[in-house]
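Undergrad: Below is one structure. I have some questions about it.
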Amino acid sequence: MEKYHGDESRAKGEIVSGSSSLDSLPEECISNIISFTSTRDACVAASVSKTFKSAVNSDIIWEKFLPPDYPSLIPSSRIFSTKKELYFALCNDSVLIEDGKMSDKPSGKRCIMLSAKQLDISSGNDPLYWQWISIPESRFDKTAELLKVCWFEIRAEMHTRYLLLALVTRETERRKYVTKPKERVDGWMEAELGEFFNESCCRNISVRIIETRSPDWKRGLIIQGIEFRPAKA
């Protein structure tokens, strides 16, 4: 039993010694090492020691985690003291790009929402059928409110460069029924329209929503936009 305790003590001593040797590294070196991991790993590393915590707050790390074009995504009205603060602001808040025509949630995998003004809405400019209104909780200046239509059709198209990946669908994948709307965390209702398969580059994403079989009049729908985001694995 005494020999067993002695071995255990020596093992524990080696672990503590190893941790101390990492703490002795220059903070910039630790920051560079952690920058090759993930944001989750970085946050875990911050709990190891005061040295690691200080290194994790370095701009060196969070600069690597930000998307390459992040300077164009920062609103001119906002100032961030650190890259870490900027990263989490982009994680939690959407930013408007392309003169407010699109909304981008850029950290990690990008999510792009085309505003209603960017959609090709059948009879969208006819005040008898649609009207354009402002809603405080919308991220865009104008949203489309459906007054009444019998023929309902909306088209959307976007180049894949905005998503930094390519999306292409096969005919069998494209024919998917719209799911029942669910409430989002921002209070809007969301209905899934379908999925696109990542296959090649330099292509446009095209979406078409149409309902022409029913003779009934449709009304009451308010559209903020159509969002494209990576599908969950």
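As shown in the structure tokens, the chain order sets the letters A, B, ...; within each chain, residues go from 1, and ligands are also counted from 1 in the order they appear.
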Within 7 Å of Ile222 of chain A, counting only C-alpha atoms, which residues show up once you throw out same-chain ones fewer than 4 positions away? Write them as a list in words, please.
TA: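 Once the adjacent positions are removed, what remains is Thr143, Ala144, Glu145 and Leu146 of chain A.
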Undergrad: Kindly give the distance, in Å, that separates atom CA of Asn204 of chain A and atom CA of Glu157 of chain A, rounded to a single decimal.
TA: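 Calculated distance between atom CA of Asn204 of chain A and atom CA of Glu157 of chain A is 6.6 Å.
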Undergrad: I want to know what sits within 9 Å of Ile154 of chain A, based on only C-alpha atoms, with residues of the same chain fewer than 2 positions away left out; could you give that as a VMD selection string?
TA: chain A and resid 119 to 122 152 156 207 to 210
Undergrad: Need to verify the contact set: Gly220 of chain A, 12 Å, only C-alpha atoms, exclusion of same-chain residues closer than 3 positions in sequence. Can you return it as a PDB file with C-alpha atoms, in the first residue's frame?
TA:
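Below is the file selection.pdb, written as the result:
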```pdb
ATOM      1  CA  TYR A 129     -52.447  43.462 -53.088  1.00  0.00           C
ATOM      2  CA  TRP A 130     -49.365  44.357 -51.021  1.00  0.00           C
ATOM      3  CA  GLN A 131     -48.251  47.254 -48.866  1.00  0.00           C
ATOM      4  CA  ALA A 144     -44.056  43.418 -47.008  1.00  0.00           C
ATOM      5  CA  GLU A 145     -47.623  42.966 -45.792  1.00  0.00           C
ATOM      6  CA  LEU A 146     -49.970  40.846 -47.880  1.00  0.00           C
ATOM      7  CA  LEU A 147     -53.381  42.496 -48.258  1.00  0.00           C
ATOM      8  CA  LYS A 148     -54.988  39.993 -50.603  1.00  0.00           C
ATOM      9  CA  VAL A 149     -53.872  37.829 -53.521  1.00  0.00           C
ATOM     10  CA  TRP A 217     -57.723  34.683 -51.355  1.00  0.00           C
ATOM     11  CA  ILE A 223     -42.621  39.069 -44.675  1.00  0.00           C
TER      12      ILE A 223
END
```
